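Peer 1: This one is model13.cif, mmCIF, C-alpha atoms and all ligand atoms.
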data_upload
#
loop_
_atom_site.label_atom_id
_atom_site.label_comp_id
_atom_site.auth_asym_id
_atom_site.auth_seq_id
_atom_site.Cartn_x
_atom_site.Cartn_y
_atom_site.Cartn_z
CA MET A 83 22.04 34.50 93.63
CA ASN A 84 21.24 34.62 97.34
CA CYS A 85 19.59 37.55 99.05
CA ASN A 86 21.96 40.17 100.51
CA TYR A 87 19.66 40.52 103.53
CA CYS A 88 18.31 37.06 104.40
CA ARG A 89 20.46 34.72 102.24
CA ASN A 90 17.42 33.06 100.61
CA ALA A 91 17.19 32.47 96.88
CA CYS A 92 16.43 35.42 94.60
CA VAL A 93 14.79 35.49 91.18
CA LYS A 94 15.70 37.71 88.24
CA SER A 95 13.56 40.78 88.14
CA GLY A 96 14.25 42.97 85.14
CA ILE A 97 17.22 45.02 83.99
CA ARG A 98 17.74 48.58 85.15
CA LYS A 99 20.38 50.84 83.60
CA GLY A 100 21.95 47.74 82.02
CA VAL A 101 22.30 45.90 85.33
CA GLN A 102 20.42 42.73 86.17
CA ARG A 103 18.13 43.22 89.19
CA TYR A 104 17.02 40.47 91.54
CA ARG A 105 14.11 40.11 93.91
CA CYS A 106 14.15 38.03 97.06
CA LYS A 107 11.20 35.69 97.25
CA PHE A 108 11.34 35.63 101.02
CA CYS A 109 11.87 39.26 102.14
CA LYS A 110 10.74 40.76 98.81
CA LYS A 111 13.63 43.18 98.54
CA TYR A 112 14.93 44.29 95.15
CA GLN A 113 18.70 44.19 94.80
CA GLN A 114 21.73 43.74 92.55
CA ALA A 115 24.46 41.12 92.63
CA ASN A 116 27.16 43.81 92.67
CA TYR A 117 27.02 47.48 93.42
CA VAL A 118 29.51 49.90 91.93
CA LYS A 119 30.05 52.92 94.09
CA PRO A 120 30.64 56.08 92.07
CA ARG A 121 34.11 57.34 92.84
CA ILE A 122 34.21 60.77 94.46
CA PRO A 123 36.21 63.08 92.19
CA GLN A 124 39.47 64.57 93.47
CA GLU A 125 37.97 68.02 93.09
CA LYS A 126 35.51 67.30 95.91
CA TYR A 127 38.36 66.26 98.19
CA GLU A 128 39.96 69.66 97.66
CA TRP A 129 36.69 71.49 98.23
CA THR A 130 35.99 69.54 101.41
CA ILE A 131 39.28 70.81 102.88
CA LYS A 132 38.60 74.38 101.77
CA LEU A 133 35.07 74.42 103.14
CA ASN A 134 36.11 72.75 106.42
CA ASN A 135 38.69 75.50 106.94
CA GLU A 136 36.18 78.27 106.22
CA GLY A 137 33.59 77.44 108.83
CA CYS A 138 31.49 74.76 107.16
CA GLY A 139 30.37 71.74 109.14
CA ILE A 140 29.95 68.24 107.77
CA SER A 141 26.28 68.77 106.84
CA ASN A 142 27.12 72.07 105.12
CA ILE A 143 29.81 70.43 103.01
CA ALA A 144 27.53 67.49 102.14
CA ARG A 145 24.80 69.86 100.94
CA LEU A 146 27.14 72.11 98.96
CA LEU A 147 29.05 69.31 97.23
CA LYS A 148 26.01 67.04 96.81
CA ILE A 149 27.66 64.06 98.49
CA SER A 150 26.52 62.20 101.58
CA LYS A 151 27.56 63.15 105.10
CA SER A 152 29.33 59.83 105.51
CA SER A 153 31.33 60.56 102.34
CA VAL A 154 32.41 63.89 103.81
CA GLN A 155 33.48 62.17 107.01
CA ARG A 156 35.39 59.58 105.03
CA ILE A 157 37.14 62.27 102.97
CA ILE A 158 38.15 64.16 106.12
CA GLU A 159 39.44 60.97 107.73
CA ARG A 160 41.42 59.97 104.65
CA VAL A 161 42.97 63.36 104.07
CA ALA A 162 43.82 63.86 107.75
CA ALA A 163 45.49 60.44 107.95
CA ASN A 164 48.02 61.52 105.30
CA LEU A 165 48.80 64.89 106.84
CA GLN A 166 51.55 65.68 109.29
CA MET A 167 52.53 68.84 111.06
CA PRO A 168 55.18 70.61 108.97
CA GLN A 169 58.67 70.34 110.41
CA VAL A 170 59.83 73.48 112.17
CA ASN A 171 63.51 74.31 112.09
CA GLU A 172 63.98 77.31 114.32
CA ARG A 173 65.89 77.95 117.54
CA GLY A 174 65.72 80.49 120.35
CA GLN A 175 62.18 81.70 119.64
CA SER A 176 59.40 82.59 122.09
CA TYR A 177 56.22 80.54 122.26
CA GLU A 178 52.78 80.80 123.80
CA ILE A 179 50.90 77.71 124.93
CA ASP A 180 47.23 77.46 125.81
CA GLU A 181 44.25 75.12 125.93
CA LEU A 182 40.98 75.75 124.15
CA HIS A 183 37.99 74.27 125.91
CA THR A 184 35.31 72.36 124.03
CA PHE A 185 33.27 69.20 124.51
CA CYS A 186 32.34 65.99 122.78
CA THR A 187 28.67 64.89 122.54
CA ASN A 188 27.59 66.66 125.73
CA LYS A 189 28.99 69.36 127.96
CA LYS A 190 29.92 66.95 130.74
CA ASN A 191 32.32 65.25 128.35
CA GLU A 192 34.98 67.92 128.29
CA LEU A 193 37.71 68.09 125.70
CA TRP A 194 40.64 70.41 125.17
CA LEU A 195 42.66 71.49 122.20
CA ILE A 196 46.14 72.07 123.62
CA TYR A 197 48.43 73.94 121.26
CA ALA A 198 51.39 76.27 120.98
CA ILE A 199 52.22 79.10 118.60
CA ASN A 200 55.34 81.08 117.82
CA ARG A 201 54.91 84.49 119.42
CA LYS A 202 56.42 86.37 116.50
CA SER A 203 55.38 84.45 113.37
CA LYS A 204 52.07 83.23 114.94
CA ARG A 205 52.81 79.89 113.39
CA ILE A 206 51.33 76.78 115.01
CA ILE A 207 54.06 74.48 116.33
CA ASP A 208 52.12 71.52 117.67
CA PHE A 209 48.67 70.59 118.92
CA PHE A 210 46.96 67.84 120.84
CA VAL A 211 43.28 67.00 121.28
CA GLY A 212 42.34 65.34 124.54
CA ARG A 213 41.80 65.84 128.22
CA ARG A 214 43.68 68.53 130.09
CA THR A 215 46.11 66.26 131.87
CA LYS A 216 49.78 66.65 132.65
CA GLU A 217 50.69 63.88 130.18
CA ASN A 218 48.79 65.49 127.31
CA ILE A 219 50.19 68.97 127.93
CA ALA A 220 53.67 67.45 128.26
CA LYS A 221 53.43 66.20 124.66
CA VAL A 222 53.09 69.74 123.31
CA VAL A 223 55.68 71.13 125.75
CA SER A 224 58.23 68.51 124.70
CA THR A 225 57.89 69.60 121.05
CA LEU A 226 58.63 73.15 122.16
CA GLN A 227 61.61 72.10 124.25
CA LYS A 228 63.23 70.41 121.24
CA LEU A 229 63.35 73.87 119.61
CA GLN A 230 65.42 75.30 122.51
CA PRO A 231 62.94 78.09 123.27
CA LYS A 232 63.98 81.48 124.60
CA HIS A 233 60.75 81.88 126.57
CA ILE A 234 57.47 79.99 126.93
CA TYR A 235 54.46 82.07 127.91
CA SER A 236 51.49 80.40 129.52
CA ASP A 237 48.58 80.99 131.84
CA LYS A 238 48.78 80.44 135.59
CA SER A 239 47.86 76.75 135.51
CA ASN A 240 50.14 74.82 137.89
CA ILE A 241 50.58 72.02 135.32
CA TYR A 242 52.94 74.25 133.34
CA GLU A 243 55.04 75.09 136.42
CA ASN A 244 56.04 71.46 136.73
CA LEU A 245 56.76 70.99 133.03
CA ILE A 246 58.65 74.12 132.02
CA SER A 247 61.88 75.16 133.73
CA LYS A 248 61.65 78.42 135.68
CA ASN A 249 64.26 80.38 133.74
CA ILE A 250 62.37 80.23 130.44
CA HIS A 251 58.80 80.17 131.79
CA LYS A 252 56.91 83.49 131.74
CA ILE A 253 53.62 84.01 133.55
CA TYR A 254 52.10 87.43 133.93
CA PRO A 255 48.64 88.91 133.19
CA ARG A 256 47.84 89.13 129.45
CA CYS A 257 51.09 87.45 128.42
CA THR A 258 49.14 84.97 126.29
CA ASN A 259 47.22 87.57 124.28
CA TYR A 260 48.46 86.31 120.91
CA ILE A 261 47.29 82.77 121.43
CA GLU A 262 44.01 83.95 122.98
CA ARG A 263 43.40 85.83 119.74
CA ALA A 264 44.32 82.70 117.77
CA ASN A 265 41.66 80.86 119.79
CA LEU A 266 39.06 83.30 118.48
CA THR A 267 40.20 82.81 114.88
CA LEU A 268 39.94 79.07 115.33
CA ARG A 269 36.42 79.38 116.73
CA MET A 270 35.47 81.45 113.66
CA HIS A 271 37.03 79.04 111.18
CA ILE A 272 36.06 75.61 112.50
CA LYS A 273 32.33 75.19 112.74
CA ARG A 274 32.31 72.67 115.57
CA LEU A 275 34.30 75.02 117.82
CA SER A 276 32.02 78.01 117.38
CA ARG A 277 30.16 79.15 120.47
CA LYS A 278 26.54 80.23 120.98
CA THR A 279 25.48 77.85 118.22
CA ILE A 280 24.16 74.32 118.31
CA CYS A 281 27.24 72.98 116.49
CA PHE A 282 29.35 70.60 118.51
CA THR A 283 31.73 67.69 118.12
CA LYS A 284 30.27 64.20 118.18
CA SER A 285 33.61 62.41 118.09
CA ALA A 286 36.98 63.46 119.45
CA ILE A 287 38.75 61.85 116.50
CA MET A 288 36.80 63.98 114.02
CA LEU A 289 37.74 67.11 115.99
CA LYS A 290 41.39 66.10 115.72
CA ASN A 291 40.97 65.41 111.99
CA CYS A 292 39.28 68.76 111.32
CA VAL A 293 41.97 70.66 113.24
CA GLN A 294 44.59 68.68 111.33
CA LEU A 295 43.07 69.81 108.03
CA TYR A 296 42.98 73.38 109.29
CA TYR A 297 46.63 73.49 110.37
CA CYS A 298 48.32 71.17 107.91
CA ALA A 299 46.44 71.47 104.61
CA ALA A 300 46.27 75.25 104.35
ZN ZN A 401 15.71 38.24 101.34
#
Translate this file's structure into structure tokens.

Peer 2:
Amino acid sequence: MNCNYCRNACVKSGIRKGVQRYRCKFCKKYQQANYVKPRIPQEKYEWTIKLNNEGCGISNIARLLKISKSSVQRIIERVAANLQMPQVNERGQSYEIDELHTFCTNKKNELWLIYAINRKSKRIIDFFVGRRTKENIAKVVSTLQKLQPKHIYSDKSNIYENLISKNIHKIYPRCTNYIERANLTLRMHIKRLSRKTICFTKSAIMLKNCVQLYYCAA
């Protein structure tokens, strides 16, 4: 066989655990012709979701489950890709909408989690991870508008004034208390959102995936 690293010829170099090993004559690396990756058991997929939703970061999960950090990331990506927000079939309810501030890699790179909850059931309706622009907020607002809301409560940001019609839009001090409390719960339950710690998000996609696990796989 040829070396996996430098493509030069290899010589046979003993058998380990029933598999023929090779050694490159040029770069002197030991290697196998084929590697079989051990499959991660389904049980660890389930535990990854549970631990992610209970305030464990990727390194925590890797240590507890004895798998590599990249395996944890892969599990989170795979599970999140197959999850969708549950369909909501309700009409005439009241909703609160808010943005939770966080950052990706460094504090100059700001990121927001924009989301909306039902005021009564506290159920999450929709969320979006990205910058706090009119287009991004409009995505969450449009989901709410499909449900023919009775009222939408928000903070004083002028973006909402342009998106939500005046007769259903409510803005007054402390009218978003329920969602502000939900923000705190989220910061307790998702490690990368917690404050006064050194945990932070290194990729916006992973933040979206982790939030997806939190809201959709519970
Ligand atoms: Zn080589």

Peer 1: Pick out the closest residue to ligand ZN 401 (chain A) from this set: A:Gln166, A:Phe210, A:Lys110, A:Val222. Count all atoms listed in the file.

Peer 2: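 Result for the nearest residue to ligand ZN 401 (chain A): A:Lys110.
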
Peer 1: As number ranges by chain, please: the residues near A:Asn240 (cut-off 12 Å, only C-alpha atoms, same-chain neighbours under 2 positions excluded).

Peer 2: A: 214-216, 219, 236-238, 242-246, 251, 253

Peer 1: Considering all atoms listed in the file, return as a ChimeraX atom specification whatever protein or nucleic-acid residues lie within 9 Å of stretch 149-155 of chain A, sequence-local ones (same chain, fewer than 5 positions apart) excluded.

Peer 2: /A:122,126-127,130,140-144,160,288

Peer 1: Save the residues we just selected, C-alpha atoms, as a PDB file, in the frame of the given file?

Peer 2:
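out-v5.pdb was written with the following content:
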ATOM      1  CA  ILE A 122      34.210  60.770  94.460  1.00  0.00           C
ATOM      2  CA  LYS A 126      35.510  67.300  95.910  1.00  0.00           C
ATOM      3  CA  TYR A 127      38.360  66.260  98.190  1.00  0.00           C
ATOM      4  CA  THR A 130      35.990  69.540 101.410  1.00  0.00           C
ATOM      5  CA  ILE A 140      29.950  68.240 107.770  1.00  0.00           C
ATOM      6  CA  SER A 141      26.280  68.770 106.840  1.00  0.00           C
ATOM      7  CA  ASN A 142      27.120  72.070 105.120  1.00  0.00           C
ATOM      8  CA  ILE A 143      29.810  70.430 103.010  1.00  0.00           C
ATOM      9  CA  ALA A 144      27.530  67.490 102.140  1.00  0.00           C
ATOM     10  CA  ARG A 160      41.420  59.970 104.650  1.00  0.00           C
ATOM     11  CA  MET A 288      36.800  63.980 114.020  1.00  0.00           C
TER      12      MET A 288
END

Peer 1: Hey, what's within 6 Å of stretch 262-272 of chain A if we count all atoms listed in the file and toss same-chain stuff fewer than 3 positions away? As a list in words, please?

Peer 2: Asn135, Glu136, Gly137, Asn259, Leu275 and Ser276 of chain A

Peer 1: Taking into account only C-alpha atoms, which residue in the set A:Ser95, A:Gln114, A:Thr187, A:Asn200 is nearest to A:Arg173?

Peer 2: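 Of the candidates, the smallest distance to A:Arg173 is held by A:Asn200.
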
Peer 1: Between atom CA of A:Ile199 and atom CA of A:Ala163, what is the distance in Å, rounded to a tenth?

Peer 2: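 About the pair atom CA of A:Ile199 and atom CA of A:Ala163: they are 22.5 Å apart.
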
Peer 1: If you measure from atom CA of A:Val101 to atom CA of A:Arg121, what distance in Å do you get, rounded to one decimal?

Peer 2: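 Going from atom CA of A:Val101 over to atom CA of A:Arg121 covers 18.1 Å.
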
Peer 1: Report, in Å to a single decimal, how far apart atom CA of A:Phe209 and atom CA of A:Ile261 are.

Peer 2: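 Computing the Euclidean distance for atom CA of A:Ile261 and atom CA of A:Phe209 yields 12.5 Å.
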
Peer 1: If you count all atoms listed in the file, which residues end up within 9 Å of ligand ZN 401 (chain A), as a list in words?

Peer 2: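 Listed by chain and ascending number, the contacts are Asn84, Cys85, Asn86, Tyr87, Cys88, Arg89, Asn90, Ala91, Cys92, Arg105, Cys106, Lys107, Phe108, Cys109, Lys110, Lys111 and Tyr112 of chain A.
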
Peer 1: Could you check which of A:Tyr296, A:Phe185, A:Tyr235, A:Tyr260 is closest to A:Ile131, using all atoms listed in the file?

Peer 2: A:Tyr296

Peer 1: Between A:Gln124, A:Asn249, A:Asn191, A:Gln227, which has the minimum distance to A:Ile207 (counting only C-alpha atoms)?

Peer 2: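 Smallest separation from A:Ile207 among the options: A:Gln227.
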
Peer 1: Excluding A:Thr184 and any residue of its chain fewer than 5 positions from it, enumerate the residues within 8 Å of it, using all atoms listed in the file, and give them as a ChimeraX atom specification.

Peer 2: /A:192-195,275

Peer 1: Keeping C-alpha atoms for every residue in the selection just given, could you write it to a file as a PDB file, in the frame of the given file?

Peer 2:
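The new file part-v4.pdb reads:
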ATOM      1  CA  GLU A 192      34.980  67.920 128.290  1.00  0.00           C
ATOM      2  CA  LEU A 193      37.710  68.090 125.700  1.00  0.00           C
ATOM      3  CA  TRP A 194      40.640  70.410 125.170  1.00  0.00           C
ATOM      4  CA  LEU A 195      42.660  71.490 122.200  1.00  0.00           C
ATOM      5  CA  LEU A 275      34.300  75.020 117.820  1.00  0.00           C
TER       6      LEU A 275
END

Peer 1: Find the residue from A:His183, A:Lys221, A:Lys284, A:Arg277 that sits nearest to A:Ala198; use only C-alpha atoms when measuring.

Peer 2: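 Of A:His183, A:Lys221, A:Lys284, A:Arg277, the one nearest A:Ala198, counting only C-alpha atoms, is A:Lys221.
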
Peer 1: Given only C-alpha atoms as the basis, pick out the residue of A:His233, A:Lys252, A:Lys204, A:Lys290 nearest to A:Gln175.

Peer 2: A:His233
